file entry.tsv (TSV, C-alpha atoms)
chain	number	residue	atom	x	y	z
A	296	MET	CA	-25.54	13.22	-23.98
A	297	SER	CA	-28.47	14.49	-21.90
A	298	ALA	CA	-29.31	10.93	-20.82
A	299	PHE	CA	-25.70	10.33	-19.83
A	300	LYS	CA	-25.63	13.56	-17.82
A	301	SER	CA	-28.92	12.83	-16.08
A	302	LEU	CA	-27.91	9.31	-15.13
A	303	SER	CA	-24.50	10.48	-13.91
A	304	VAL	CA	-26.04	13.19	-11.72
A	305	ALA	CA	-28.59	10.72	-10.34
A	306	GLY	CA	-25.84	8.22	-9.53
A	307	ALA	CA	-23.70	10.86	-7.82
A	308	LYS	CA	-26.65	12.06	-5.72
A	309	ALA	CA	-27.49	8.51	-4.70
A	310	PHE	CA	-23.88	7.99	-3.57
A	311	VAL	CA	-23.83	11.20	-1.53
A	312	ARG	CA	-27.11	10.30	0.18
A	313	ASP	CA	-25.85	6.83	1.11
A	314	LYS	CA	-24.09	7.44	4.44
A	315	ALA	CA	-22.88	3.86	4.69
A	316	ALA	CA	-21.26	4.08	1.25
A	317	LEU	CA	-19.60	7.37	2.16
A	318	PHE	CA	-18.14	5.79	5.28
A	319	PHE	CA	-16.84	2.57	3.75
A	320	ILE	CA	-15.60	4.15	0.50
A	321	LEU	CA	-14.06	7.37	1.84
A	322	LEU	CA	-13.65	7.34	5.62
A	323	PHE	CA	-12.89	3.66	6.25
A	324	PRO	CA	-9.81	3.48	3.94
A	325	LEU	CA	-8.75	6.92	5.16
A	326	MET	CA	-8.68	5.55	8.71
A	327	PHE	CA	-6.01	3.04	7.62
A	328	LEU	CA	-3.92	5.83	6.10
A	329	VAL	CA	-4.12	7.90	9.29
A	330	ILE	CA	-3.49	4.95	11.64
A	331	PHE	CA	-0.54	3.53	9.69
A	332	GLY	CA	0.78	7.02	9.00
A	333	LEU	CA	0.85	7.79	12.73
A	334	LEU	CA	2.28	4.39	13.68
A	335	PHE	CA	5.14	4.53	11.18
A	336	ARG	CA	5.67	8.30	11.13
A	337	ASP	CA	9.00	8.07	12.94
A	338	SER	CA	9.99	4.58	11.78
A	339	GLY	CA	12.83	5.97	9.68
A	340	THR	CA	14.53	7.40	12.78
A	341	ASP	CA	14.64	4.17	14.83
A	342	LYS	CA	18.06	3.29	16.23
A	343	ILE	CA	19.58	-0.01	17.20
A	344	LYS	CA	19.80	-0.10	21.00
A	345	LEU	CA	22.77	-1.90	22.56
A	346	ALA	CA	23.95	-2.43	26.08
A	347	VAL	CA	27.68	-1.71	26.52
A	348	VAL	CA	29.80	-2.87	29.46
A	349	GLY	CA	33.35	-1.55	29.81
A	350	ASP	CA	35.37	0.89	27.77
A	351	SER	CA	37.74	0.47	24.84
A	352	PRO	CA	38.11	1.69	21.25
A	353	VAL	CA	35.32	-0.75	20.28
A	354	ALA	CA	32.90	0.67	22.86
A	355	GLN	CA	33.82	4.22	21.86
A	356	ALA	CA	33.27	3.44	18.18
A	357	LEU	CA	29.82	1.99	18.92
A	358	ARG	CA	28.82	5.15	20.82
A	359	GLN	CA	29.82	7.31	17.84
A	360	ILE	CA	27.63	5.52	15.30
A	361	PRO	CA	24.54	7.69	14.61
A	362	ALA	CA	22.29	4.67	14.04
A	363	VAL	CA	23.19	3.11	17.41
A	364	GLU	CA	21.87	4.10	20.82
A	365	THR	CA	24.06	2.67	23.57
A	366	GLN	CA	23.17	2.13	27.23
A	367	SER	CA	26.10	1.80	29.62
A	368	PHE	CA	26.05	-0.83	32.37
A	369	ASP	CA	28.46	-1.40	35.24
A	370	ASN	CA	28.30	-5.19	35.15
A	371	ALA	CA	27.67	-7.86	32.54
A	372	ASP	CA	24.87	-9.64	34.40
A	373	ALA	CA	22.61	-6.57	34.38
A	374	ALA	CA	23.23	-6.02	30.65
A	375	ILE	CA	22.56	-9.67	29.79
A	376	GLU	CA	19.36	-9.63	31.84
A	377	LYS	CA	18.12	-6.72	29.72
A	378	VAL	CA	18.70	-8.81	26.60
A	379	LYS	CA	17.01	-11.89	28.07
A	380	SER	CA	13.94	-9.85	29.02
A	381	GLY	CA	13.62	-8.55	25.45
A	382	ASP	CA	14.32	-4.91	26.32
A	383	LEU	CA	17.50	-4.81	24.22
A	384	PRO	CA	18.56	-6.86	21.18
A	385	GLY	CA	22.17	-7.25	22.30
A	386	ALA	CA	24.86	-6.51	24.86
A	387	VAL	CA	28.54	-5.81	24.10
A	388	ILE	CA	30.82	-6.75	27.00
A	389	VAL	CA	34.36	-5.39	26.73
A	390	ASN	CA	37.16	-6.64	28.96
A	391	GLY	CA	40.51	-5.38	27.73
A	392	THR	CA	41.03	-6.83	24.26
A	393	ASP	CA	38.25	-9.38	24.70
A	394	VAL	CA	34.90	-8.37	23.20
A	395	GLN	CA	31.84	-10.50	23.84
A	396	LEU	CA	28.46	-10.05	22.16
A	397	ARG	CA	25.34	-11.54	23.75
A	398	PHE	CA	22.25	-11.23	21.55
A	399	ALA	CA	18.61	-12.38	21.45
A	400	ALA	CA	18.13	-14.95	18.68
A	401	SER	CA	14.35	-14.75	19.01
A	402	ASP	CA	14.35	-11.73	16.68
A	403	GLN	CA	16.47	-12.96	13.78
A	404	THR	CA	16.33	-9.66	11.91
A	405	LYS	CA	17.74	-7.60	14.77
A	406	ALA	CA	20.14	-10.39	15.68
A	407	GLY	CA	21.61	-10.26	12.17
A	408	ILE	CA	21.91	-6.48	12.28
A	409	VAL	CA	23.58	-6.51	15.70
A	410	ASN	CA	26.04	-9.26	14.74
A	411	GLY	CA	27.01	-7.53	11.51
A	412	LEU	CA	27.34	-4.16	13.20
A	413	VAL	CA	29.54	-5.31	16.07
A	414	SER	CA	31.65	-7.51	13.78
A	415	SER	CA	32.27	-4.52	11.50
A	416	VAL	CA	33.32	-2.32	14.42
A	417	VAL	CA	35.68	-4.99	15.79
A	418	ASP	CA	37.22	-5.53	12.34
A	419	LYS	CA	37.90	-1.81	11.98
A	420	ALA	CA	39.40	-1.67	15.47
A	421	ASN	CA	41.72	-4.57	14.61
A	422	ILE	CA	42.88	-2.85	11.42
A	423	ALA	CA	43.47	0.39	13.31
A	424	ALA	CA	45.48	-1.50	15.94
A	425	THR	CA	47.93	-2.78	13.29
A	426	GLY	CA	48.75	0.77	12.23
A	427	GLN	CA	48.19	-0.13	8.56
A	428	PRO	CA	45.94	2.10	6.42
A	429	PRO	CA	42.80	0.39	5.11
A	430	ARG	CA	43.21	-0.87	1.55
A	431	PHE	CA	39.56	-0.45	0.52
A	432	SER	CA	37.19	2.44	1.12
A	433	LEU	CA	33.40	2.38	1.16
A	434	ARG	CA	31.08	5.24	0.25
A	435	GLN	CA	27.47	4.86	1.31
A	436	SER	CA	24.40	6.84	0.29
A	437	GLN	CA	20.71	6.12	-0.24
A	438	VAL	CA	19.19	6.45	-3.69
A	439	GLU	CA	15.98	8.12	-2.47
A	440	ASP	CA	15.51	11.64	-1.19
A	441	SER	CA	16.64	11.75	2.43
A	442	SER	CA	13.27	13.21	3.42
A	443	LEU	CA	11.33	10.08	2.43
A	444	ASN	CA	9.34	8.45	5.19
A	445	ALA	CA	6.73	5.75	5.61
A	446	ILE	CA	3.82	7.86	4.35
A	447	GLN	CA	5.44	7.96	0.89
A	448	TYR	CA	4.93	4.23	0.56
A	449	LEU	CA	1.66	3.90	2.48
A	450	THR	CA	-0.29	6.46	0.45
A	451	PRO	CA	-0.10	4.83	-3.02
A	452	GLY	CA	-1.02	1.37	-1.72
A	453	ILE	CA	-3.90	2.36	0.54
A	454	LEU	CA	-5.26	4.83	-2.03
A	455	SER	CA	-5.24	2.08	-4.69
A	456	TRP	CA	-7.05	-0.26	-2.31
A	457	ALA	CA	-9.65	2.43	-1.56
A	458	VAL	CA	-10.27	2.97	-5.29
A	459	ALA	CA	-10.52	-0.80	-5.82
A	460	SER	CA	-13.06	-1.15	-3.01
A	461	ALA	CA	-15.16	1.76	-4.26
A	462	GLY	CA	-15.08	0.53	-7.86
A	463	VAL	CA	-15.99	-3.08	-7.12
A	464	PHE	CA	-18.43	-2.60	-4.24
A	465	GLY	CA	-20.12	0.52	-5.60
A	466	THR	CA	-20.59	-0.79	-9.13
A	467	ALA	CA	-21.74	-4.28	-8.14
A	468	MET	CA	-24.18	-2.98	-5.52
A	469	THR	CA	-25.62	-0.33	-7.85
A	470	PHE	CA	-26.38	-2.78	-10.67
A	471	VAL	CA	-27.93	-5.33	-8.29
A	472	GLN	CA	-30.16	-2.68	-6.73
A	473	TRP	CA	-31.14	-1.26	-10.13
A	474	ARG	CA	-32.04	-4.75	-11.35
A	475	LYS	CA	-34.12	-5.58	-8.27
A	476	LYS	CA	-36.01	-2.28	-8.49
A	477	GLN	CA	-36.62	-2.72	-12.22
A	478	VAL	CA	-34.60	0.42	-12.99
A	479	LEU	CA	-32.47	-1.42	-15.53
A	480	ARG	CA	-35.56	-2.82	-17.23
A	481	ARG	CA	-37.11	0.64	-17.54
A	482	LEU	CA	-33.84	2.04	-18.88
A	483	TRP	CA	-33.66	-0.80	-21.40
A	484	LEU	CA	-37.19	-0.05	-22.64
A	485	ALA	CA	-36.62	3.71	-22.61
A	486	PRO	CA	-34.98	5.56	-25.53
A	487	VAL	CA	-31.63	5.40	-23.74
A	488	SER	CA	-28.69	3.51	-25.19
A	489	PRO	CA	-26.99	0.86	-23.02
A	490	THR	CA	-23.75	2.73	-23.66
A	491	SER	CA	-25.12	5.84	-21.93
A	492	VAL	CA	-26.15	3.77	-18.91
A	493	LEU	CA	-22.72	2.16	-18.56
A	494	LEU	CA	-20.82	5.40	-19.24
A	495	SER	CA	-22.86	7.18	-16.58
A	496	ARG	CA	-21.79	4.61	-14.02
A	497	VAL	CA	-18.18	4.86	-15.26
A	498	GLY	CA	-18.38	8.62	-14.77
A	499	VAL	CA	-19.60	8.20	-11.19
A	500	THR	CA	-16.84	5.65	-10.47
A	501	LEU	CA	-14.11	7.92	-11.83
A	502	GLY	CA	-15.57	10.93	-10.00
A	503	ILE	CA	-15.53	9.06	-6.68
A	504	ALA	CA	-11.96	7.93	-7.38
A	505	VAL	CA	-10.82	11.51	-8.02
A	506	VAL	CA	-12.44	12.67	-4.77
A	507	GLN	CA	-10.66	9.84	-2.94
A	508	ALA	CA	-7.33	10.83	-4.45
A	509	VAL	CA	-7.73	14.51	-3.53
A	510	VAL	CA	-8.73	13.66	0.05
A	511	PHE	CA	-5.97	11.06	0.52
A	512	VAL	CA	-3.18	13.19	-0.91
A	513	GLY	CA	-4.45	16.23	0.98
A	514	ILE	CA	-4.47	14.40	4.34
A	515	ALA	CA	-1.12	12.69	3.69
A	516	SER	CA	0.46	16.05	2.76
A	517	LEU	CA	-0.32	17.57	6.15
A	518	PRO	CA	2.80	18.45	8.19
A	519	MET	CA	2.06	15.67	10.71
A	520	PHE	CA	2.48	13.07	7.91
A	521	GLY	CA	4.71	14.89	5.42
A	522	LEU	CA	3.90	13.33	2.04
A	523	ARG	CA	6.10	14.79	-0.70
A	524	LEU	CA	5.16	14.08	-4.31
A	525	ALA	CA	7.94	13.12	-6.72
A	526	GLY	CA	8.64	15.25	-9.77
A	527	THR	CA	6.79	12.88	-12.13
A	528	TRP	CA	3.73	12.46	-9.89
A	529	TRP	CA	1.43	13.46	-12.77
A	530	LEU	CA	2.34	10.24	-14.59
A	531	ALA	CA	0.42	8.39	-11.87
A	532	ILE	CA	-2.84	9.88	-13.23
A	533	PRO	CA	-3.24	7.45	-16.19
A	534	VAL	CA	-2.36	4.50	-13.93
A	535	PHE	CA	-4.89	5.74	-11.40
A	536	LEU	CA	-7.68	6.13	-13.97
A	537	LEU	CA	-6.94	2.80	-15.67
A	538	GLY	CA	-6.97	1.11	-12.27
A	539	ALA	CA	-10.36	2.65	-11.46
A	540	LEU	CA	-11.71	1.38	-14.80
A	541	ALA	CA	-10.32	-2.11	-14.17
A	542	PHE	CA	-12.14	-2.34	-10.85
A	543	PHE	CA	-15.30	-0.96	-12.41
A	544	THR	CA	-15.30	-3.92	-14.82
A	545	ILE	CA	-14.87	-6.34	-11.90
A	546	GLY	CA	-17.84	-4.71	-10.15
A	547	MET	CA	-19.85	-4.89	-13.35
A	548	LEU	CA	-19.04	-8.59	-13.71
A	549	ILE	CA	-20.11	-9.30	-10.11
A	550	GLY	CA	-23.23	-7.17	-10.55
A	551	SER	CA	-24.18	-9.15	-13.64
A	552	PHE	CA	-24.70	-12.44	-11.80
A	553	ALA	CA	-25.30	-11.49	-8.13
A	554	LYS	CA	-29.01	-11.58	-7.29
A	555	THR	CA	-28.97	-9.79	-3.94
A	556	GLU	CA	-27.00	-7.02	-2.23
A	557	GLU	CA	-25.66	-9.55	0.26
A	558	ALA	CA	-24.38	-11.79	-2.54
A	559	SER	CA	-22.69	-8.88	-4.32
A	560	THR	CA	-21.05	-7.72	-1.07
A	561	ALA	CA	-19.76	-11.22	-0.31
A	562	ALA	CA	-18.40	-11.66	-3.84
A	563	ALA	CA	-16.73	-8.25	-3.71
A	564	GLN	CA	-15.12	-9.09	-0.35
A	565	ILE	CA	-13.78	-12.37	-1.75
A	566	VAL	CA	-12.18	-10.49	-4.63
A	567	VAL	CA	-10.91	-7.27	-3.01
A	568	LEU	CA	-9.65	-8.34	0.43
A	569	PRO	CA	-7.27	-11.15	-0.65
A	570	MET	CA	-6.12	-8.98	-3.55
A	571	ALA	CA	-5.21	-6.18	-1.12
A	572	PHE	CA	-3.00	-8.45	0.98
A	573	LEU	CA	-1.40	-10.10	-2.06
A	574	SER	CA	-0.69	-6.86	-3.91
A	575	GLY	CA	1.51	-4.98	-1.44
A	576	THR	CA	-1.17	-2.70	0.02
A	577	PHE	CA	-0.41	-3.32	3.69
A	578	PHE	CA	3.09	-4.85	3.55
A	579	PRO	CA	5.80	-5.19	0.87
A	580	ILE	CA	5.05	-8.11	-1.41
A	581	ASP	CA	8.78	-8.74	-1.94
A	582	ARG	CA	8.88	-10.34	1.52
A	583	ALA	CA	6.39	-13.01	0.42
A	584	PRO	CA	7.45	-16.43	-0.97
A	585	GLY	CA	8.49	-16.42	-4.61
A	586	TRP	CA	5.48	-18.39	-5.82
A	587	LEU	CA	3.13	-15.96	-4.08
A	588	GLN	CA	4.84	-13.01	-5.73
A	589	THR	CA	4.25	-14.71	-9.08
A	590	VAL	CA	0.57	-15.25	-8.28
A	591	SER	CA	0.21	-11.60	-7.32
A	592	GLN	CA	1.18	-10.57	-10.85
A	593	ILE	CA	-2.29	-11.56	-12.10
A	594	PHE	CA	-4.00	-9.00	-9.86
A	595	PRO	CA	-4.69	-5.53	-11.26
A	596	LEU	CA	-4.21	-4.03	-7.80
A	597	ARG	CA	-0.58	-5.20	-7.78
A	598	HIS	CA	0.15	-3.27	-10.98
A	599	MET	CA	-1.80	-0.23	-9.83
A	600	ASN	CA	0.17	-0.21	-6.56
A	601	ASP	CA	3.49	-0.56	-8.37
A	602	GLY	CA	2.64	2.08	-10.96
A	603	MET	CA	1.41	4.60	-8.42
A	604	GLN	CA	4.52	4.10	-6.29
A	605	ASP	CA	6.84	4.39	-9.30
A	606	PHE	CA	5.60	7.92	-10.01
A	607	LEU	CA	4.43	9.26	-6.65
A	608	VAL	CA	7.51	8.07	-4.75
A	609	ARG	CA	10.33	7.00	-7.03
A	610	GLY	CA	9.93	9.68	-9.70
A	611	LYS	CA	10.37	7.29	-12.65
A	612	GLY	CA	10.03	8.46	-16.22
A	613	ILE	CA	7.31	7.87	-18.78
A	614	GLU	CA	8.86	4.56	-19.88
A	615	ALA	CA	7.75	3.05	-16.57
A	616	LEU	CA	4.14	3.70	-17.59
A	617	LEU	CA	4.15	0.99	-20.27
A	618	LEU	CA	3.98	-2.12	-18.05
A	619	PRO	CA	1.32	-1.15	-15.47
A	620	GLY	CA	-0.64	0.90	-18.00
A	621	GLY	CA	-0.64	-1.90	-20.58
A	622	ILE	CA	-1.63	-4.58	-18.08
A	623	LEU	CA	-4.42	-2.49	-16.55
A	624	LEU	CA	-5.76	-1.55	-20.00
A	625	GLY	CA	-5.66	-5.17	-21.16
A	626	PHE	CA	-7.37	-6.34	-17.98
A	627	THR	CA	-10.10	-3.70	-18.41
A	628	LEU	CA	-10.78	-4.67	-22.02
A	629	VAL	CA	-10.91	-8.42	-21.35
A	630	VAL	CA	-12.99	-8.34	-18.17
A	631	GLY	CA	-15.17	-5.53	-19.54
A	632	PHE	CA	-15.91	-7.60	-22.66
A	633	ILE	CA	-16.85	-10.64	-20.56
A	634	ALA	CA	-19.00	-8.53	-18.23
A	635	ALA	CA	-20.82	-6.93	-21.16
A	636	LYS	CA	-21.57	-10.36	-22.65
A	637	VAL	CA	-23.04	-11.84	-19.46
A	638	PHE	CA	-24.73	-8.67	-18.18
A	639	ARG	CA	-28.45	-9.01	-17.45
A	640	TRP	CA	-30.88	-6.11	-17.64
A	641	GLU	CA	-33.66	-8.05	-15.97
A	642	GLY	CA	-33.76	-10.45	-13.01
A	643	ASN	CA	-34.55	-14.12	-13.35
call {"tool": "encode", "arguments": {"input": "entry.tsv", "output": "structure tokens"}}
result
Amino acid sequence: MSAFKSLSVAGAKAFVRDKAALFFILLFPLMFLVIFGLLFRDSGTDKIKLAVVGDSPVAQALRQIPAVETQSFDNADAAIEKVKSGDLPGAVIVNGTDVQLRFAASDQTKAGIVNGLVSSVVDKANIAATGQPPRFSLRQSQVEDSSLNAIQYLTPGILSWAVASAGVFGTAMTFVQWRKKQVLRRLWLAPVSPTSVLLSRVGVTLGIAVVQAVVFVGIASLPMFGLRLAGTWWLAIPVFLLGALAFFTIGMLIGSFAKTEEASTAAAQIVVLPMAFLSGTFFPIDRAPGWLQTVSQIFPLRHMNDGMQDFLVRGKGIEALLLPGGILLGFTLVVGFIAAKVFRWEGN
């Protein structure tokens, strides 16, 4: 126990003294959280902007929709020019009972929204004009808390990526440096069990991960960002710790064969960066092609992201812990076993 404690303290002190490690493990990922949090802070309040020419029940209905911001124009040419220049996604030109919609097809997403919106308003106006009561009624409500905003979804993904980077880079670099400086050889010859050496590094990895979590959640919870934890947020803790262990094993595996710090850094970049983009860290993976979504299922970061979001944002119950927890635990055991088998205490 004393050997484990001494090695853990030494590893923690070495991390604190390494200014570059502090920057890339703590501050660099935090920069992404702050930047994206500021960029998308008001994304939930965006309105569809439409140019409107003329007046009729259709134009009045459009002006009354909370999600629509209308701009009135005196003539159609000026409104259409605004659409052509890309300032507005569409223009509604009303002339008596004739309603014309001119839209920009260059942005297919907004074009689809504008077409559906105007078509719905015209359909309702036609029904109202017949004097017949509508046969069907629609009730609309969102399933999430109305206070949710972009930071709720950014925090779990970027925090998971930060933990992955720290686990892989920190572990791989530490073992390479220890091997080059003959530290591992001296520990192997000393009356210290290999288990104590590995557990000390696990302790440092988990400690760094906890510090990252506290800093990230603390920053994201500031009033300017407004993170609100779901009622079952505490269920994210086992997912978080299992994810940190999974990335420790990846770092250990890289550190077992990399001969230089440069090689370990390059290998870690090859593993972590593509995994971040293919696991929903920076953008929703459900927008990717189907085959790519299937490929992403093999990455531990995908399951850590999903698990963290399930509990921090969606407030799911303990049953949702089985899939991400089981996959992360299985990944840790398999990769950890392989890393332990190929691990070298001395250089070639």
call {"tool": "residues_around", "arguments": {"input": "entry.tsv", "residues": "range 397-409 of chain A", "least_positions_apart": "4", "cutoff": "7 Å", "atoms": "all atoms listed in the file", "output": "list in words"}}
result
Ile375, Val378, Lys379, Pro384, Gly385, Ala386, Val387 and Val413 of chain A
call {"tool": "closest_atom_pairs", "arguments": {"input": "entry.tsv", "of": "range 533-554 of chain A", "to": "range 632-639 of chain A", "cutoff": "7 Å", "atoms": "all atoms listed in the file", "output": "CSV"}}
result
residue,atom,partner,partner_atom,distance
A:Thr544,CA,A:Ala634,CA,6.8
A:Met547,CA,A:Ala634,CA,6.1
A:Leu548,CA,A:Ala634,CA,4.5
A:Ser551,CA,A:Phe638,CA,4.6
call {"tool": "residues_around", "arguments": {"input": "entry.tsv", "residues": "range 452-459 of chain A", "least_positions_apart": "4", "cutoff": "8 Å", "atoms": "only C-alpha atoms", "output": "ChimeraX atom specification"}}
result
/A:320-321,324,327-328,448,463,504,507-508,511,535,538-539,542,567,571,575-577,596,599-600,603-604
call {"tool": "closest_residue", "arguments": {"input": "entry.tsv", "among": "A:Val394, A:Leu587, A:Ile549, A:Ala541", "to": "Phe572 in chain A", "atoms": "all atoms listed in the file"}}
result
A:Leu587
call {"tool": "atom_distance", "arguments": {"input": "entry.tsv", "atom1": "CA of Lys377 in chain A", "atom2": "CA of Asp393 in chain A"}}
result
20.9 Å
call {"tool": "residues_around", "arguments": {"input": "entry.tsv", "residues": "Ala558 in chain A", "least_positions_apart": "4", "cutoff": "10 Å", "atoms": "all atoms listed in the file", "output": "list in words"}}
result
Ala467, Met468, Val471, Ile549, Gly550, Phe552, Ala553, Lys554, Ala562, Ala563 and Gln564 of chain A
call {"tool": "atom_distance", "arguments": {"input": "entry.tsv", "atom1": "CA of Val329 in chain A", "atom2": "CA of Leu607 in chain A"}}
result
18.1 Å
call {"tool": "atom_distance", "arguments": {"input": "entry.tsv", "atom1": "CA of Leu479 in chain A", "atom2": "CA of Trp640 in chain A"}}
result
5.4 Å
call {"tool": "closest_residue", "arguments": {"input": "entry.tsv", "among": "A:Lys342, A:Phe578, A:Val348, A:Leu524", "to": "Ala362 in chain A", "atoms": "all atoms listed in the file"}}
result
A:Lys342
call {"tool": "closest_residue", "arguments": {"input": "entry.tsv", "among": "A:Leu522, A:Leu530, A:Leu396, A:Ala374", "to": "Leu412 in chain A", "atoms": "only C-alpha atoms"}}
result
A:Leu396
call {"tool": "residues_around", "arguments": {"input": "entry.tsv", "residues": "Phe464 in chain A", "least_positions_apart": "5", "cutoff": "8 Å", "atoms": "all atoms listed in the file", "output": "MDAnalysis selection string"}}
result
chainID A and resid 546 559:560 563
call {"tool": "closest_residue", "arguments": {"input": "entry.tsv", "among": "A:Thr466, A:Ser380, A:Asn421, A:Gln427", "to": "Leu501 in chain A", "atoms": "all atoms listed in the file"}}
result
A:Thr466
call {"tool": "closest_residue", "arguments": {"input": "entry.tsv", "among": "A:Pro428, A:Pro533, A:Val416, A:Glu376", "to": "Arg358 in chain A", "atoms": "only C-alpha atoms"}}
result
A:Val416
call {"tool": "residues_near_point", "arguments": {"input": "entry.tsv", "point": "(21.8, -1.4, 19.4)", "cutoff": "6 Å", "atoms": "only C-alpha atoms", "output": "PyMOL selection string"}}
result
chain A and resi 343-345+363-364
